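Shown next, in structure tokens, is the structure this report addresses.
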Amino acid sequence: MDRSARSLPGESTTVDAGAVELHVRRAGPADGPPVVLLHGFPEFWYGWRGQIGPLADAGYRVLVPDQRGHNRSDRPADRRAYGIDRLVGDVAGLLDATGHAAARVVGHDWGAMVAWLLAAEAPDRVDRLGVLNVPHPGAYVRTLRAEPRQALRSAYAALFRLPRAPEAALRARNYRLLARTLTASSRPGTFDERDLERYRAAWDREGALTGMLNWYRANGLRSGPLGREDRIAPETLILWGARDAALLRGNAERSLDYCERGDLAVFEDATHWLHHEYPDAVADRLLAFLD
């Protein structure tokens, strides 16, 4: 483990999730109720550093994987290996490998999409569901139809699906464009230079940039989860940053329609990166809900 990681919450381990080996950050008592935190693009486990400690201190066994393709986890070369069913299967495999029949599952961005689909397909494995700033896939399509602005805000995803060119553009000038994706879409000062250096180190691992982009390439409008109308049985909490540059607020409100038992908490001054901008408030909300 590098020196810079020693001050970060938890400890690192590797878990055989079946199809892939996942690097997992774990914290809290080994016999505590499990909580799985799922990051999105372009992050890795480090994105949850503000919530790992409070959850562990409250007695939870916190498991935070680098999802496949990211940072230190396996990075299959085949684009088809990143289909949503494989990604959902990784979380089920993580639970199996760590001896948990079910867990409280919280996801942000792509991690939230994985969490939605896990709760839909295997509700017995999700005690409670928390999602941050990604809507239910059915709600997203409804928003596209109702609010044309959403299509414009989502246009970047089509660019990410192009072959080879996105890697070249994002890698240029020490990942300048990718770093600006974080800083320009968040509140000023949310990501400092130390944060960005840790992200650059994760992006620079061999095959990682392609692995991350393959989430988009394998899950397009026709091949991915968008438009699915699954009902969500586990109790659900949606936390939403109202100033998300890519996703309109209507996505969050429509997502409640798919939840058997759902609640929505909106952070009016937060962006897509609300768990970075308001780490303590997000941790408090999650603790109140997961307990």
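Following the order of the structure tokens, chains are lettered A, B, ..., residues in each are numbered from 1, and ligands are numbered from 1.
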Contact check, stretch 16-127 of chain A to stretch 191-198 of chain A, at most 12 Å, counting only C-alpha atoms, closest pairs as JSON lines:
{"residue": "A:Pro42", "atom": "CA", "partner": "A:Leu196", "partner_atom": "CA", "distance": 11.2}
{"residue": "A:Glu43", "atom": "CA", "partner": "A:Arg198", "partner_atom": "CA", "distance": 9.9}
{"residue": "A:Phe44", "atom": "CA", "partner": "A:Arg198", "partner_atom": "CA", "distance": 9.7}
{"residue": "A:Trp45", "atom": "CA", "partner": "A:Arg198", "partner_atom": "CA", "distance": 11.0}
{"residue": "A:Tyr46", "atom": "CA", "partner": "A:Arg198", "partner_atom": "CA", "distance": 8.5}
{"residue": "A:Gly47", "atom": "CA", "partner": "A:Asp195", "partner_atom": "CA", "distance": 9.4}
{"residue": "A:Arg49", "atom": "CA", "partner": "A:Asp195", "partner_atom": "CA", "distance": 10.9}
{"residue": "A:Asn71", "atom": "CA", "partner": "A:Arg198", "partner_atom": "CA", "distance": 10.2}
Output for the residues just chosen: N, CA and C atoms as a compact mmCIF listing (two decimals), in the first residue's frame:
# COMPACT_ATOMS: atom_id res chain seq x y z
N PRO A 42 -16.15 9.17 -13.22
CA PRO A 42 -14.92 8.42 -13.47
C PRO A 42 -14.18 8.14 -12.16
N GLU A 43 -14.86 7.58 -11.21
CA GLU A 43 -14.32 7.45 -9.86
C GLU A 43 -13.82 6.03 -9.57
N PHE A 44 -13.48 5.82 -8.31
CA PHE A 44 -13.18 4.49 -7.78
C PHE A 44 -13.59 4.53 -6.32
N TRP A 45 -13.19 3.57 -5.52
CA TRP A 45 -13.69 3.51 -4.13
C TRP A 45 -13.49 4.81 -3.37
N TYR A 46 -12.45 5.56 -3.73
CA TYR A 46 -12.08 6.79 -3.04
C TYR A 46 -13.22 7.80 -3.01
N GLY A 47 -14.14 7.72 -3.97
CA GLY A 47 -15.25 8.66 -4.00
C GLY A 47 -16.15 8.61 -2.77
N ARG A 49 -15.00 8.23 0.37
CA ARG A 49 -14.15 8.39 1.56
C ARG A 49 -14.85 9.19 2.66
N ASN A 71 -9.61 1.26 -11.60
CA ASN A 71 -8.51 1.27 -10.64
C ASN A 71 -7.85 -0.10 -10.53
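DSSP on the backbone gives strand (DSSP E) for these parts of stretch 50-166 of chain A: Arg61, Val62, Leu63, Val64, Pro65, Ala103, Arg104, Val105, Val106, Gly107, His108, Val126, Asp127, Arg128, Leu129, Gly130, Val131 and Leu132 of chain A.
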Convert the current residue selection to file output with C-alpha atoms, as a PDB file, in the first residue's frame.
ATOM      1  CA  ARG A  61     -19.320  -3.611   7.791  1.00  0.00           C
ATOM      2  CA  VAL A  62     -18.578  -1.305   4.865  1.00  0.00           C
ATOM      3  CA  LEU A  63     -17.539  -2.823   1.525  1.00  0.00           C
ATOM      4  CA  VAL A  64     -16.503  -0.426  -1.233  1.00  0.00           C
ATOM      5  CA  PRO A  65     -15.366  -2.131  -4.439  1.00  0.00           C
ATOM      6  CA  ALA A 103     -26.767  -6.004   2.250  1.00  0.00           C
ATOM      7  CA  ARG A 104     -27.783  -2.405   2.362  1.00  0.00           C
ATOM      8  CA  VAL A 105     -26.682  -1.122  -1.068  1.00  0.00           C
ATOM      9  CA  VAL A 106     -25.921   2.503  -1.957  1.00  0.00           C
ATOM     10  CA  GLY A 107     -24.819   3.708  -5.385  1.00  0.00           C
ATOM     11  CA  HIS A 108     -23.879   6.930  -7.126  1.00  0.00           C
ATOM     12  CA  VAL A 126     -30.947  -5.730  -0.975  1.00  0.00           C
ATOM     13  CA  ASP A 127     -32.087  -4.908   2.553  1.00  0.00           C
ATOM     14  CA  ARG A 128     -32.397  -1.230   1.716  1.00  0.00           C
ATOM     15  CA  LEU A 129     -31.476   0.786  -1.359  1.00  0.00           C
ATOM     16  CA  GLY A 130     -29.832   4.199  -1.477  1.00  0.00           C
ATOM     17  CA  VAL A 131     -29.249   6.020  -4.775  1.00  0.00           C
ATOM     18  CA  LEU A 132     -27.487   9.290  -5.495  1.00  0.00           C
TER      19      LEU A 132
END
Fill in: Backbone DSSP call of alpha helix (DSSP H) for stretch 47-157 of chain A, listed as JSON, numbers by chain
{"A": [49, 50, 51, 52, 53, 54, 55, 56, 57, 84, 85, 86, 87, 88, 89, 90, 91, 92, 93, 94, 95, 96, 97, 110, 111, 112, 113, 114, 115, 116, 117, 118, 119, 120, 121, 137, 138, 139, 140, 141, 142, 143, 144, 145, 146, 149, 150, 151, 152, 153, 156, 157]}
Write out the residues from the selection above, keeping N, CA and C atoms, as a short mmCIF file (atom, residue, chain, number, x, y, z; two decimals), in the first residue's frame.
data_model
loop_
_atom_site.label_atom_id
_atom_site.label_comp_id
_atom_site.auth_asym_id
_atom_site.auth_seq_id
_atom_site.Cartn_x
_atom_site.Cartn_y
_atom_site.Cartn_z
N ARG A 49 -15.00 8.23 0.37
CA ARG A 49 -14.15 8.39 1.56
C ARG A 49 -14.85 9.19 2.66
N GLY A 50 -15.77 10.07 2.30
CA GLY A 50 -16.48 10.87 3.30
C GLY A 50 -17.55 10.12 4.04
N GLN A 51 -17.94 8.95 3.54
CA GLN A 51 -19.02 8.19 4.17
C GLN A 51 -18.52 6.89 4.81
N ILE A 52 -17.37 6.39 4.40
CA ILE A 52 -16.88 5.11 4.92
C ILE A 52 -16.69 5.17 6.43
N GLY A 53 -16.01 6.19 6.92
CA GLY A 53 -15.74 6.30 8.34
C GLY A 53 -16.99 6.38 9.20
N PRO A 54 -17.92 7.29 8.90
CA PRO A 54 -19.15 7.36 9.71
C PRO A 54 -19.96 6.08 9.71
N LEU A 55 -20.05 5.40 8.59
CA LEU A 55 -20.80 4.14 8.54
C LEU A 55 -20.09 3.06 9.36
N ALA A 56 -18.76 3.00 9.23
CA ALA A 56 -18.00 2.01 10.00
C ALA A 56 -18.10 2.30 11.49
N ASP A 57 -18.01 3.57 11.87
CA ASP A 57 -18.10 3.94 13.29
C ASP A 57 -19.46 3.61 13.87
N ILE A 84 -24.71 -4.60 -18.41
CA ILE A 84 -25.26 -4.31 -17.09
C ILE A 84 -25.48 -5.57 -16.27
N ASP A 85 -25.85 -6.67 -16.92
CA ASP A 85 -26.06 -7.90 -16.16
C ASP A 85 -24.77 -8.39 -15.52
N ARG A 86 -23.64 -8.22 -16.21
CA ARG A 86 -22.35 -8.60 -15.63
C ARG A 86 -22.03 -7.71 -14.43
N LEU A 87 -22.33 -6.44 -14.55
CA LEU A 87 -22.01 -5.50 -13.48
C LEU A 87 -22.86 -5.77 -12.24
N VAL A 88 -24.12 -6.07 -12.46
CA VAL A 88 -24.99 -6.45 -11.34
C VAL A 88 -24.50 -7.75 -10.72
N GLY A 89 -24.07 -8.69 -11.56
CA GLY A 89 -23.55 -9.96 -11.07
C GLY A 89 -22.32 -9.81 -10.20
N ASP A 90 -21.51 -8.78 -10.47
CA ASP A 90 -20.32 -8.56 -9.66
C ASP A 90 -20.70 -8.25 -8.21
N VAL A 91 -21.76 -7.49 -8.00
CA VAL A 91 -22.16 -7.15 -6.64
C VAL A 91 -22.70 -8.38 -5.93
N ALA A 92 -23.50 -9.18 -6.65
CA ALA A 92 -23.97 -10.43 -6.07
C ALA A 92 -22.79 -11.33 -5.74
N GLY A 93 -21.78 -11.37 -6.62
CA GLY A 93 -20.60 -12.17 -6.36
C GLY A 93 -19.81 -11.68 -5.16
N LEU A 94 -19.76 -10.36 -4.98
CA LEU A 94 -19.09 -9.79 -3.81
C LEU A 94 -19.80 -10.22 -2.53
N LEU A 95 -21.11 -10.19 -2.53
CA LEU A 95 -21.87 -10.62 -1.35
C LEU A 95 -21.62 -12.10 -1.08
N ASP A 96 -21.64 -12.92 -2.12
CA ASP A 96 -21.39 -14.35 -1.94
C ASP A 96 -20.00 -14.59 -1.35
N ALA A 97 -19.02 -13.89 -1.89
CA ALA A 97 -17.64 -14.12 -1.48
C ALA A 97 -17.37 -13.67 -0.05
N TRP A 110 -23.09 5.65 -12.18
CA TRP A 110 -23.24 4.29 -12.70
C TRP A 110 -23.45 3.28 -11.56
N GLY A 111 -22.84 3.53 -10.42
CA GLY A 111 -23.06 2.65 -9.28
C GLY A 111 -24.51 2.63 -8.85
N ALA A 112 -25.20 3.76 -9.00
CA ALA A 112 -26.63 3.81 -8.70
C ALA A 112 -27.43 2.99 -9.69
N MET A 113 -27.04 3.03 -10.97
CA MET A 113 -27.74 2.22 -11.95
C MET A 113 -27.59 0.74 -11.63
N VAL A 114 -26.38 0.32 -11.25
CA VAL A 114 -26.17 -1.07 -10.84
C VAL A 114 -27.04 -1.39 -9.63
N ALA A 115 -27.11 -0.47 -8.68
CA ALA A 115 -27.91 -0.70 -7.48
C ALA A 115 -29.39 -0.81 -7.81
N TRP A 116 -29.90 0.06 -8.68
CA TRP A 116 -31.30 -0.04 -9.09
C TRP A 116 -31.61 -1.43 -9.66
N LEU A 117 -30.72 -1.90 -10.56
CA LEU A 117 -31.00 -3.17 -11.24
C LEU A 117 -30.82 -4.36 -10.31
N LEU A 118 -29.87 -4.29 -9.36
CA LEU A 118 -29.74 -5.36 -8.38
C LEU A 118 -31.01 -5.45 -7.54
N ALA A 119 -31.53 -4.32 -7.11
CA ALA A 119 -32.76 -4.31 -6.30
C ALA A 119 -33.95 -4.81 -7.11
N ALA A 120 -33.96 -4.55 -8.41
CA ALA A 120 -35.06 -5.00 -9.26
C ALA A 120 -35.00 -6.50 -9.51
N GLU A 121 -33.80 -7.01 -9.79
CA GLU A 121 -33.64 -8.40 -10.19
C GLU A 121 -33.49 -9.35 -9.01
N PRO A 137 -34.04 3.52 -14.42
CA PRO A 137 -33.93 3.56 -15.89
C PRO A 137 -35.23 3.89 -16.60
N GLY A 138 -36.35 3.48 -16.04
CA GLY A 138 -37.63 3.84 -16.64
C GLY A 138 -37.92 5.32 -16.49
N ALA A 139 -37.57 5.88 -15.36
CA ALA A 139 -37.78 7.31 -15.11
C ALA A 139 -36.94 8.16 -16.05
N TYR A 140 -35.74 7.69 -16.35
CA TYR A 140 -34.87 8.45 -17.26
C TYR A 140 -35.50 8.57 -18.65
N VAL A 141 -36.02 7.47 -19.17
CA VAL A 141 -36.65 7.52 -20.49
C VAL A 141 -37.89 8.40 -20.47
N ARG A 142 -38.65 8.35 -19.41
CA ARG A 142 -39.82 9.23 -19.29
C ARG A 142 -39.39 10.69 -19.29
N THR A 143 -38.26 10.99 -18.64
CA THR A 143 -37.76 12.36 -18.62
C THR A 143 -37.30 12.79 -20.00
N LEU A 144 -36.64 11.90 -20.74
CA LEU A 144 -36.23 12.23 -22.10
C LEU A 144 -37.43 12.63 -22.95
N ARG A 145 -38.53 11.93 -22.76
CA ARG A 145 -39.73 12.22 -23.55
C ARG A 145 -40.42 13.49 -23.10
N ALA A 146 -40.40 13.76 -21.81
CA ALA A 146 -41.14 14.90 -21.27
C ALA A 146 -40.35 16.20 -21.31
N ARG A 149 -34.69 18.98 -22.93
CA ARG A 149 -33.36 19.42 -22.45
C ARG A 149 -32.52 18.25 -21.96
N GLN A 150 -33.18 17.17 -21.50
CA GLN A 150 -32.42 16.04 -20.98
C GLN A 150 -31.56 15.39 -22.06
N ALA A 151 -32.05 15.32 -23.27
CA ALA A 151 -31.27 14.73 -24.36
C ALA A 151 -30.00 15.53 -24.61
N LEU A 152 -30.09 16.85 -24.54
CA LEU A 152 -28.90 17.68 -24.74
C LEU A 152 -27.89 17.46 -23.62
N ARG A 153 -28.36 17.34 -22.41
CA ARG A 153 -27.46 17.16 -21.28
C ARG A 153 -26.81 15.77 -21.30
N TYR A 156 -23.07 13.80 -24.11
CA TYR A 156 -21.69 13.36 -23.91
C TYR A 156 -21.57 11.85 -23.94
N ALA A 157 -22.63 11.13 -23.52
CA ALA A 157 -22.57 9.67 -23.45
C ALA A 157 -22.34 9.07 -24.82
#
Discussion item. So that I can check the surroundings of A:Val20, please list as a PyMOL selection string every protein, DNA and RNA residue that reaches within 9 Å of it, counting only C-alpha atoms and ignoring chain neighbours fewer than 3 positions away.
Written reply: chain A and resi 15-17+68+73-76+90+93
Take the residues from that selection and put them in a file with N, CA and C atoms, as an mmCIF file, in the first residue's frame.
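This is the output file result_6.cif:
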data_model
loop_
_atom_site.group_PDB
_atom_site.id
_atom_site.type_symbol
_atom_site.label_atom_id
_atom_site.label_comp_id
_atom_site.auth_asym_id
_atom_site.auth_seq_id
_atom_site.Cartn_x
_atom_site.Cartn_y
_atom_site.Cartn_z
ATOM 1 N N VAL A 15 -11.168 -9.476 -3.599
ATOM 2 C CA VAL A 15 -12.262 -10.423 -3.466
ATOM 3 C C VAL A 15 -12.529 -11.075 -4.811
ATOM 4 N N ASP A 16 -12.621 -12.389 -4.813
ATOM 5 C CA ASP A 16 -12.997 -13.130 -6.021
ATOM 6 C C ASP A 16 -14.511 -13.108 -6.135
ATOM 7 N N ALA A 17 -15.018 -12.284 -7.057
ATOM 8 C CA ALA A 17 -16.464 -12.130 -7.214
ATOM 9 C C ALA A 17 -17.042 -13.097 -8.240
ATOM 10 N N ARG A 68 -15.640 -3.308 -11.779
ATOM 11 C CA ARG A 68 -14.804 -3.852 -12.857
ATOM 12 C C ARG A 68 -14.442 -2.768 -13.868
ATOM 13 N N SER A 73 -9.253 -3.140 -9.786
ATOM 14 C CA SER A 73 -10.037 -4.338 -10.081
ATOM 15 C C SER A 73 -9.727 -4.837 -11.490
ATOM 16 N N ASP A 74 -10.160 -6.068 -11.788
ATOM 17 C CA ASP A 74 -9.933 -6.638 -13.110
ATOM 18 C C ASP A 74 -10.549 -5.752 -14.185
ATOM 19 N N ARG A 75 -9.878 -5.732 -15.336
ATOM 20 C CA ARG A 75 -10.314 -4.888 -16.441
ATOM 21 C C ARG A 75 -10.404 -5.740 -17.710
ATOM 22 N N PRO A 76 -11.476 -6.489 -17.882
ATOM 23 C CA PRO A 76 -11.605 -7.315 -19.091
ATOM 24 C C PRO A 76 -11.476 -6.476 -20.354
ATOM 25 N N ASP A 90 -21.513 -8.785 -10.473
ATOM 26 C CA ASP A 90 -20.321 -8.556 -9.655
ATOM 27 C C ASP A 90 -20.695 -8.249 -8.211
ATOM 28 N N GLY A 93 -21.782 -11.370 -6.616
ATOM 29 C CA GLY A 93 -20.596 -12.172 -6.360
ATOM 30 C C GLY A 93 -19.805 -11.679 -5.164
#
Item to complete: Quote the spacing between atom CA of A:Val24 and atom CA of A:Arg161 in Å to one decimal place.
Response: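 Spanning atom CA of A:Val24 to atom CA of A:Arg161 is a straight-line distance of 27.2 Å.
The smallest atom-to-atom distance between A:His70 and any of A:Pro9, A:Gly224, A:Gly211, A:Pro33, using only C-alpha atoms, is found for A:Gly211.
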Worksheet item: Nearest to A:Asn133: which of A:Tyr278, A:Tyr82, A:Phe267, A:Phe289 is it, counting only C-alpha atoms?
Response: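 Answer, going by the shortest atom-to-atom distance: A:Phe267.
The list of residues with at least one atom within 8 Å of A:Val266, based on only C-alpha atoms and without residues fewer than 5 positions apart in the same chain, reads A:Leu239, A:Trp240, A:Gly241, A:Ala242.
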Discussion item. Report as a PyMOL selection string all protein, DNA and RNA residues lying within 10 Å of A:Gly262, evaluated on only C-alpha atoms, omitting residues in the same chain fewer than 2 positions from it.
Written reply: chain A and resi 129-130+232-238+255-260+264
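Atom pair atom CA of A:Asp269 / atom CA of A:Arg243 has a distance of 6.5 Å (rounded to one decimal).
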